[in-house]
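Have a look at upload-v4.txt below; it lists compact mmCIF, C-alpha atoms.
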```txt
# COMPACT_ATOMS: atom_id res chain seq x y z
CA GLY A 1 69.86 5.15 -6.99
CA ASN A 2 71.39 2.26 -5.03
CA VAL A 3 70.24 -0.50 -2.68
CA LEU A 4 69.64 1.95 0.16
CA PHE A 5 68.05 4.64 -1.99
CA PRO A 6 66.42 2.85 -4.95
CA ARG A 7 64.92 5.12 -7.59
CA LEU A 8 62.45 2.43 -8.70
CA LEU A 9 61.89 3.77 -12.19
CA PRO A 10 58.65 2.58 -13.87
CA TRP A 11 60.45 0.93 -16.78
CA GLU A 12 62.75 -0.96 -14.37
CA VAL A 13 59.81 -2.32 -12.38
CA LYS A 14 58.06 -3.37 -15.60
CA ALA A 15 61.20 -5.14 -16.84
CA VAL A 16 61.50 -7.10 -13.59
CA GLN A 17 57.89 -8.29 -13.91
CA LYS A 18 58.94 -10.35 -16.94
CA LYS A 19 61.56 -12.08 -14.78
CA VAL A 20 58.83 -13.23 -12.39
CA LYS A 21 57.26 -15.22 -15.23
CA VAL A 22 60.65 -16.75 -16.07
CA GLY A 23 61.16 -17.60 -12.39
CA LYS A 24 57.82 -19.40 -12.22
CA GLU A 25 58.68 -21.38 -15.36
CA GLU A 26 62.03 -22.38 -13.82
CA LEU A 27 60.23 -23.44 -10.64
CA GLU A 28 57.88 -25.74 -12.57
CA ALA A 29 60.90 -27.28 -14.30
CA ASP A 30 62.42 -28.19 -10.91
CA ALA A 31 60.40 -31.10 -9.52
CA ASP A 32 62.02 -30.97 -6.05
CA ALA A 33 61.25 -27.27 -5.67
CA MET A 34 57.69 -27.77 -6.94
CA VAL A 35 56.96 -30.45 -4.33
CA SER A 36 58.27 -28.15 -1.59
CA ASN A 37 56.10 -25.31 -2.93
CA LEU A 38 52.98 -27.50 -3.11
CA LEU A 39 53.69 -28.98 0.32
CA HIS A 40 53.81 -25.56 1.99
CA LYS A 41 50.67 -24.38 0.17
CA ALA A 42 48.76 -27.43 1.40
CA ALA A 43 50.21 -27.48 4.92
CA PHE A 44 49.52 -23.80 5.61
CA CYS A 45 46.52 -23.20 3.38
CA ASN A 46 45.97 -19.50 2.60
CA ASN A 47 48.24 -18.23 5.38
CA THR A 48 51.85 -17.24 6.09
CA LEU A 49 54.16 -20.09 4.98
CA GLY A 50 51.58 -21.29 2.45
CA LEU A 51 51.50 -18.05 0.47
CA SER A 52 53.41 -18.14 -2.80
CA PRO A 53 56.64 -16.11 -3.04
CA TYR A 54 55.69 -15.38 -6.68
CA ALA A 55 53.14 -12.77 -7.72
CA SER A 56 50.16 -14.07 -9.68
CA GLU A 57 49.53 -12.91 -13.22
CA ARG A 58 46.43 -10.92 -12.24
CA SER A 59 48.19 -9.10 -9.38
CA MET A 60 51.24 -8.08 -11.42
CA ALA A 61 49.71 -4.75 -12.45
CA TYR A 62 49.55 -3.66 -8.81
CA PHE A 63 53.33 -3.82 -8.43
CA THR A 64 54.27 -0.23 -9.19
CA PRO A 65 57.13 1.97 -7.91
CA GLU A 66 54.66 3.49 -5.43
CA THR A 67 53.46 0.20 -3.93
CA ILE A 68 57.03 -1.12 -3.64
CA ARG A 69 58.21 2.08 -1.96
CA SER A 70 55.25 1.94 0.42
CA PHE A 71 56.15 -1.65 1.33
CA MET A 72 59.72 -0.61 2.07
CA LEU A 73 58.53 2.20 4.37
CA ASP A 74 56.28 -0.24 6.23
CA HIS A 75 58.77 -3.07 6.69
CA PHE A 76 62.39 -1.99 6.16
CA ALA A 77 64.07 -0.89 9.39
CA PRO A 78 67.50 -1.49 11.03
CA GLU A 79 65.82 -3.42 13.84
CA ARG A 80 64.70 -6.04 11.31
CA MET A 81 68.10 -6.43 9.66
CA VAL A 82 70.81 -8.99 10.37
CA LEU A 83 74.46 -8.46 9.42
CA VAL A 84 76.61 -11.59 9.57
CA GLY A 85 80.30 -12.16 8.89
CA VAL A 86 82.57 -15.24 8.95
CA ASN A 87 86.37 -15.13 9.29
CA VAL A 88 86.26 -11.40 10.07
CA SER A 89 86.74 -9.59 13.37
CA HIS A 90 83.71 -7.94 14.95
CA ALA A 91 85.51 -4.56 14.93
CA GLU A 92 86.25 -4.81 11.20
CA LEU A 93 82.69 -5.89 10.39
CA THR A 94 81.12 -3.06 12.38
CA LYS A 95 83.53 -0.53 10.85
CA TRP A 96 82.45 -1.37 7.31
CA ALA A 97 78.82 -1.57 8.33
CA MET A 98 79.05 1.94 9.76
CA ARG A 99 80.73 3.26 6.61
CA SER A 100 78.18 1.55 4.35
CA PHE A 101 75.20 3.01 6.20
CA ALA A 102 76.66 6.40 7.16
CA ASP A 103 74.50 8.31 4.68
CA TYR A 104 71.37 6.23 5.31
CA ASN A 105 68.50 7.93 7.07
CA ALA A 106 66.96 5.03 8.95
CA ILE A 107 63.27 4.42 8.35
CA PRO A 108 61.51 4.45 11.73
CA MET A 109 60.24 0.97 12.54
CA LYS A 110 56.48 0.68 12.23
CA LYS A 111 54.44 -1.75 14.25
CA ARG A 112 53.06 -4.59 12.21
CA GLU A 113 50.84 -7.54 12.94
CA GLU A 114 52.92 -10.66 13.49
CA ALA A 115 50.81 -13.31 11.80
CA LYS A 116 51.37 -16.78 13.25
CA ALA A 117 51.61 -19.77 10.94
CA ALA A 118 48.44 -21.87 11.16
CA TYR A 119 49.04 -25.49 10.15
CA THR A 120 46.01 -26.87 8.31
CA GLY A 121 47.25 -30.03 6.61
CA GLY A 122 45.86 -30.91 3.20
CA ASP A 123 46.52 -32.34 -0.24
CA LEU A 124 47.88 -30.74 -3.42
CA ARG A 125 48.85 -32.47 -6.65
CA MET A 126 50.02 -31.11 -9.96
CA GLU A 127 50.76 -32.85 -13.23
CA GLY A 128 54.20 -31.89 -14.49
CA SER A 129 56.76 -32.65 -17.17
CA SER A 130 58.75 -35.11 -15.04
CA PRO A 131 58.41 -38.75 -16.14
CA PHE A 132 58.51 -39.81 -12.46
CA CYS A 133 56.14 -39.33 -9.56
CA HIS A 134 57.54 -36.97 -6.93
CA ALA A 135 55.58 -37.24 -3.67
CA ALA A 136 55.94 -36.02 -0.10
CA ILE A 137 54.04 -36.91 3.07
CA ALA A 138 54.51 -34.48 5.95
CA LEU A 139 53.25 -33.68 9.44
CA GLU A 140 53.52 -30.58 11.60
CA SER A 141 56.91 -30.44 13.31
CA ALA A 142 58.44 -28.36 16.08
CA ALA A 143 59.10 -24.65 15.72
CA TRP A 144 62.62 -23.28 16.09
CA GLY A 145 63.55 -23.21 19.78
CA ALA A 146 60.81 -25.65 20.84
CA LYS A 147 61.83 -28.34 23.32
CA GLU A 148 60.90 -31.12 20.86
CA LEU A 149 63.19 -29.78 18.11
CA ALA A 150 66.25 -31.88 19.08
CA ALA A 151 64.09 -35.02 19.26
CA MET A 152 62.64 -34.26 15.81
CA THR A 153 66.12 -33.90 14.27
CA VAL A 154 67.09 -37.26 15.80
CA LEU A 155 63.94 -38.80 14.26
CA GLN A 156 64.98 -37.39 10.89
CA SER A 157 68.36 -39.09 11.28
CA VAL A 158 66.65 -42.37 12.25
CA LEU A 159 64.68 -42.26 8.98
CA GLY A 160 67.69 -41.19 6.92
CA GLY A 161 67.34 -41.81 3.21
CA GLY A 162 69.24 -42.50 0.03
CA ASN A 163 68.86 -43.30 -3.63
CA ALA A 164 68.92 -46.38 -5.79
CA SER A 165 72.44 -45.75 -7.10
CA THR A 166 74.26 -45.01 -3.82
CA SER A 167 75.47 -47.64 -1.38
CA SER A 168 78.70 -46.14 -0.05
CA PRO A 169 79.55 -46.01 3.70
CA GLY A 170 77.90 -43.05 5.42
CA SER A 171 75.19 -42.71 2.78
CA GLY A 172 72.48 -43.97 5.13
CA VAL A 173 72.21 -47.49 3.69
CA THR A 174 71.18 -48.89 7.11
CA SER A 175 68.60 -46.18 7.87
CA ARG A 176 64.89 -47.02 8.07
CA LEU A 177 63.95 -45.44 4.75
CA SER A 178 66.80 -47.22 3.01
CA THR A 179 65.90 -50.64 4.41
CA GLN A 180 62.10 -50.32 4.59
CA VAL A 181 61.38 -48.35 1.40
CA LEU A 182 64.32 -48.21 -1.02
CA LYS A 183 65.50 -51.80 -0.69
CA GLN A 184 61.94 -53.14 -0.78
CA SER A 185 61.19 -51.85 -4.27
CA PRO A 186 63.38 -51.48 -7.38
CA TYR A 187 60.90 -48.85 -8.62
CA VAL A 188 61.76 -46.24 -5.95
CA GLU A 189 64.48 -43.94 -7.28
CA SER A 190 65.16 -42.02 -4.06
CA CYS A 191 63.67 -41.39 -0.65
CA SER A 192 64.74 -39.07 2.17
CA ALA A 193 63.46 -37.55 5.40
CA PHE A 194 63.27 -33.80 5.99
CA ASN A 195 62.63 -31.56 8.98
CA THR A 196 62.20 -27.84 8.38
CA SER A 197 61.71 -25.49 11.33
CA TYR A 198 60.39 -21.93 11.25
CA SER A 199 59.88 -19.40 14.03
CA ASP A 200 56.37 -20.63 14.83
CA SER A 201 55.89 -24.01 13.12
CA GLY A 202 57.65 -26.68 11.09
CA LEU A 203 57.29 -29.61 8.70
CA PHE A 204 58.59 -33.14 9.17
CA GLY A 205 58.18 -35.79 6.54
CA VAL A 206 59.49 -37.93 3.72
CA TYR A 207 60.03 -37.06 0.08
CA GLY A 208 60.24 -39.87 -2.45
CA VAL A 209 60.60 -40.34 -6.20
CA SER A 210 59.31 -43.46 -7.96
CA GLN A 211 58.12 -44.89 -11.22
CA PRO A 212 54.56 -43.52 -11.75
CA ASP A 213 52.77 -46.88 -11.58
CA LYS A 214 54.43 -47.70 -8.24
CA ALA A 215 53.68 -44.41 -6.45
CA GLY A 216 50.91 -46.07 -4.42
CA GLU A 217 53.29 -48.71 -3.07
CA MET A 218 55.90 -46.08 -2.25
CA CYS A 219 53.41 -43.88 -0.37
CA ALA A 220 52.13 -46.88 1.60
CA ALA A 221 55.68 -47.84 2.58
CA ILE A 222 56.49 -44.25 3.60
CA ALA A 223 53.33 -44.02 5.72
CA LYS A 224 54.17 -47.30 7.45
CA THR A 225 57.74 -46.14 8.17
CA LEU A 226 56.52 -42.81 9.57
CA GLY A 227 54.00 -44.61 11.77
CA GLY A 228 56.75 -46.80 13.23
CA LEU A 229 58.71 -43.85 14.64
CA THR A 230 57.07 -44.17 18.06
CA THR A 231 59.52 -46.99 18.85
CA VAL A 232 63.27 -46.42 18.53
CA GLY A 233 65.81 -48.77 20.14
CA LYS A 234 68.89 -47.76 22.13
CA ASP A 235 71.45 -48.81 19.49
CA GLU A 236 69.47 -47.18 16.68
CA MET A 237 69.29 -43.96 18.74
CA ALA A 238 73.05 -43.94 19.33
CA LYS A 239 73.77 -44.45 15.62
CA ALA A 240 71.28 -41.77 14.58
CA LYS A 241 72.78 -39.27 17.02
CA ALA A 242 76.34 -39.96 15.82
CA MET A 243 75.34 -39.54 12.16
CA LEU A 244 73.37 -36.37 12.94
CA LYS A 245 76.26 -34.72 14.80
CA GLY A 246 78.72 -35.73 12.09
CA ARG A 247 76.52 -34.26 9.36
CA LEU A 248 75.95 -31.06 11.33
CA LEU A 249 79.68 -30.47 11.89
CA ARG A 250 80.54 -31.26 8.26
CA GLU A 251 77.93 -28.86 6.89
CA LEU A 252 78.97 -25.99 9.16
CA ASP A 253 82.56 -26.40 8.05
CA ASP A 254 81.46 -24.63 4.85
CA ASP A 255 81.63 -20.84 5.31
CA SER A 256 78.63 -20.16 3.05
CA VAL A 257 76.47 -22.64 5.03
CA LEU A 258 77.69 -21.15 8.31
CA VAL A 259 76.79 -17.59 7.25
CA LYS A 260 73.29 -18.67 6.23
CA ASP A 261 72.84 -20.64 9.46
CA MET A 262 73.92 -17.71 11.64
CA GLY A 263 71.62 -15.29 9.81
CA SER A 264 68.62 -17.64 9.98
CA GLN A 265 69.08 -18.29 13.69
CA LEU A 266 69.38 -14.58 14.50
CA LEU A 267 66.25 -13.76 12.51
CA MET A 268 64.20 -16.56 14.09
CA ALA A 269 65.46 -16.54 17.68
CA GLY A 270 67.54 -13.39 18.17
CA ARG A 271 70.55 -15.46 19.24
CA TYR A 272 73.07 -17.88 17.75
CA GLY A 273 73.46 -21.45 18.96
CA SER A 274 76.90 -22.92 18.22
CA PRO A 275 77.47 -26.45 16.85
CA SER A 276 78.60 -27.55 20.33
CA ASP A 277 75.30 -26.28 21.78
CA PHE A 278 73.36 -28.38 19.29
CA CYS A 279 75.54 -31.45 19.91
CA LYS A 280 74.80 -31.18 23.65
CA ALA A 281 71.06 -30.90 22.92
CA ILE A 282 71.24 -33.97 20.67
CA ASP A 283 73.11 -35.98 23.32
CA ALA A 284 70.45 -35.07 25.89
CA VAL A 285 67.60 -36.60 23.83
CA SER A 286 66.23 -39.79 25.38
CA GLU A 287 64.21 -42.65 23.90
CA ALA A 288 61.17 -41.32 25.77
CA ASP A 289 61.66 -37.85 24.21
CA VAL A 290 61.75 -39.33 20.71
CA SER A 291 58.68 -41.48 21.33
CA ALA A 292 56.70 -38.55 22.77
CA ALA A 293 57.67 -36.27 19.85
CA ALA A 294 56.65 -38.92 17.30
CA LYS A 295 53.29 -39.58 19.00
CA LYS A 296 52.50 -35.87 19.14
CA MET A 297 53.42 -35.42 15.48
CA LEU A 298 51.43 -38.45 14.29
CA SER A 299 48.32 -37.30 16.16
CA GLY A 300 47.91 -34.38 13.75
CA LYS A 301 46.62 -34.14 10.19
CA PRO A 302 49.06 -35.09 7.41
CA THR A 303 49.97 -33.05 4.36
CA VAL A 304 50.40 -34.69 0.95
CA ALA A 305 52.00 -33.12 -2.12
CA ALA A 306 52.71 -34.74 -5.49
CA PHE A 307 54.15 -33.55 -8.81
CA GLY A 308 54.89 -35.14 -12.18
CA ASP A 309 52.91 -38.23 -13.16
CA THR A 310 50.62 -38.45 -10.11
CA HIS A 311 47.88 -40.80 -11.38
CA SER A 312 48.58 -43.59 -8.88
CA VAL A 313 49.19 -41.52 -5.72
CA PRO A 314 46.64 -42.74 -3.12
CA HIS A 315 43.72 -40.60 -1.97
CA TYR A 316 44.45 -38.32 0.98
CA SER A 317 42.11 -40.31 3.26
CA ALA A 318 43.94 -43.56 2.41
CA ILE A 319 47.30 -42.03 3.38
CA GLU A 320 45.78 -40.59 6.57
CA ALA A 321 44.37 -44.00 7.49
CA ALA A 322 47.71 -45.72 6.75
CA LEU A 323 49.51 -43.35 9.14
CA LYS A 324 46.99 -44.05 11.90
CA SER A 325 47.11 -47.84 11.49
CA ALA A 326 50.89 -48.17 11.15
```

Show the structure stored in the file as structure tokens.
Amino acid sequence: GNVLFPRLLPWEVKAVQKKVKVGKEELEADADAMVSNLLHKAAFCNNTLGLSPYASERSMAYFTPETIRSFMLDHFAPERMVLVGVNVSHAELTKWAMRSFADYNAIPMKKREEAKAAYTGGDLRMEGSSPFCHAAIALESAAWGAKELAAMTVLQSVLGGGNASTSSPGSGVTSRLSTQVLKQSPYVESCSAFNTSYSDSGLFGVYGVSQPDKAGEMCAAIAKTLGGLTTVGKDEMAKAKAMLKGRLLRELDDDSVLVKDMGSQLLMAGRYGSPSDFCKAIDAVSEADVSAAAKKMLSGKPTVAAFGDTHSVPHYSAIEAALKSA
């Protein structure tokens, strides 16, 4: 067997099941990954993006060669595949693609229900081995291709971030999170904004790490900073845009990042937007666009996730109230 024609022997499937357990243990040892996992579970409770990528212990027995093969027949089809190449001519890429798939009898594409992500908001906390408190506060963001997406990325740049040990030029030391959260407390280890977009939804928020006893103060400061996004000045906008475009161009200078970006865009939108396209979209964002995007985002329910020593993380309702009153 090979990738195209896997034999899926029973003993191979059983051996891989052990790796799932190892993968879950590795996930719980990575505090950053655990917060992201908890955040998605809470934000999209029991649907789409909130479903765990790992099989549960009780469902493991159902993963047999037959069920895996049936899944492949239902979902694997050329129409759902993306082939991306960097620093290679289109003719060369298509030649090797044709050779690689010459003996492959394509599985006819079956219709399937396209479940839309339903943002619910919510709260999930988990005690972990980390001596710190890792917490994130998020709100529903714009989906990929939505008109508010450029404004949301500018807002992320306005918030910025950093950590207690970095103060070099270009590290975001003058951003809102750096000045309003990091510099206000010696107990906050790091704090940064994130904006993740999917084909039908997204998450915008702030992830911070602090000493356990000071998690309440950190969350309050984060909520206040998020609430203040409805007002962004002209100079702050210009600086945020310049930093955002610089970061975008630097990241896409890495071939591995570029390949991933091209593949993700094609899967989500069916087309590729170049860095220059995104720079033009960023330049076109106005102060009114940013304010409108922030107000829309803040009108929804928040999502809270915490991992590590979470004993002093405020109650969900307290964080929700802090966002509304900011």

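Candidate residues A:Ser36, A:Met268, A:Pro65, A:Tyr104 were compared for distance to Ala146 of chain A, and the nearest is A:Met268, using only C-alpha atoms.
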
Next on the checklist: Let me make sure I understand: among A:Gln156, A:Leu249, A:Ala306, A:Asp213, which one has the smallest atom-to-atom distance to Asp277 of chain A if we use all atoms listed in the file?
Outcome noted: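 Checking each of A:Gln156, A:Leu249, A:Ala306, A:Asp213 against Asp277 of chain A, counting all atoms listed in the file, the winner is A:Leu249.
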
Item to check | atom CA of Ser317 of chain A to atom CA of Ser192 of chain A, distance in Å rounded to a single decimal | outcome: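 Between atom CA of Ser317 of chain A and atom CA of Ser192 of chain A the gap is 22.7 Å.
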
Next on the checklist: Residues near Ser256 of chain A, anyone? I mean within 12 Å using only C-alpha atoms, not counting same-chain ones fewer than 6 positions away, as number ranges by chain.
Outcome noted: A: 84-87, 262-263

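Take the candidates A:Ala322, A:Leu244, A:Glu26, A:Glu236 and check each one against Ala221 of chain A using all atoms listed in the file; the shortest distance goes to A:Ala322.
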
Could you list, as a compact mmCIF listing (two decimals) with C-alpha atoms, keeping the file's coordinate frame, every residue within 8 Å of segment 47-50 of chain A, counting all atoms listed in the file and ignoring same-chain residues fewer than 4 positions away?
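Writing done, so here's part.txt:
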```txt
# COMPACT_ATOMS: atom_id res chain seq x y z
CA HIS A 40 53.81 -25.56 1.99
CA LYS A 41 50.67 -24.38 0.17
CA ALA A 42 48.76 -27.43 1.40
CA ALA A 43 50.21 -27.48 4.92
CA ALA A 115 50.81 -13.31 11.80
CA LYS A 116 51.37 -16.78 13.25
CA ALA A 117 51.61 -19.77 10.94
CA ALA A 118 48.44 -21.87 11.16
```

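In this model, the gap between atom CA of Lys296 of chain A and atom CA of Asn37 of chain A comes to 24.7 Å.
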
Checklist outcome for this item: In terms of only C-alpha atoms, the residue from A:Cys191, A:Ala284, A:Val13, A:Leu258 at minimal distance from Ala61 of chain A is A:Val13

Item to check | Using only C-alpha atoms: which of A:Thr174, A:Ser129, A:Gln211, A:Thr94 has the shortest distance to Ser190 of chain A | outcome: A:Gln211

Next on the checklist: Would you compute the distance between atom CA of Ala193 of chain A and atom CA of Leu298 of chain A? Give it in Å to one decimal.
Outcome noted: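 Atom CA of Leu298 of chain A lies at a distance of 15.0 Å from atom CA of Ala193 of chain A.
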
Next on the checklist: Using all atoms listed in the file, which protein or nucleic acid residues come within 9 Å of segment 307-314 of chain A? Drop anything in the same chain fewer than 3 positions from it, and give the result as a VMD selection string.
Outcome noted: chain A and resid 31 to 32 34 to 35 38 124 to 135 211 to 220 317 to 319

Item to check | From A:Leu266, A:Leu203, A:Leu27, A:Val154, residue lying nearest Lys239 of chain A [only C-alpha atoms] | outcome: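 Under the stated criterion, the closest residue is A:Val154.
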
Next on the checklist: Show me, as an MDAnalysis selection string, the residues that have an atom within 7 Å of Pro302 of chain A when counting only C-alpha atoms, minus same-chain residues fewer than 5 positions from it.
Outcome noted: chainID A and resid 121:122 137:139 320

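Taking all atoms listed in the file, the non-local environment of Lys21 of chain A within 10 Å (same-chain residues fewer than 3 positions away omitted) comprises Val16, Gln17, Lys18, Lys24, Glu25, Glu26, Leu27, Tyr54, Ala55, Ser56 and Glu57 of chain A.
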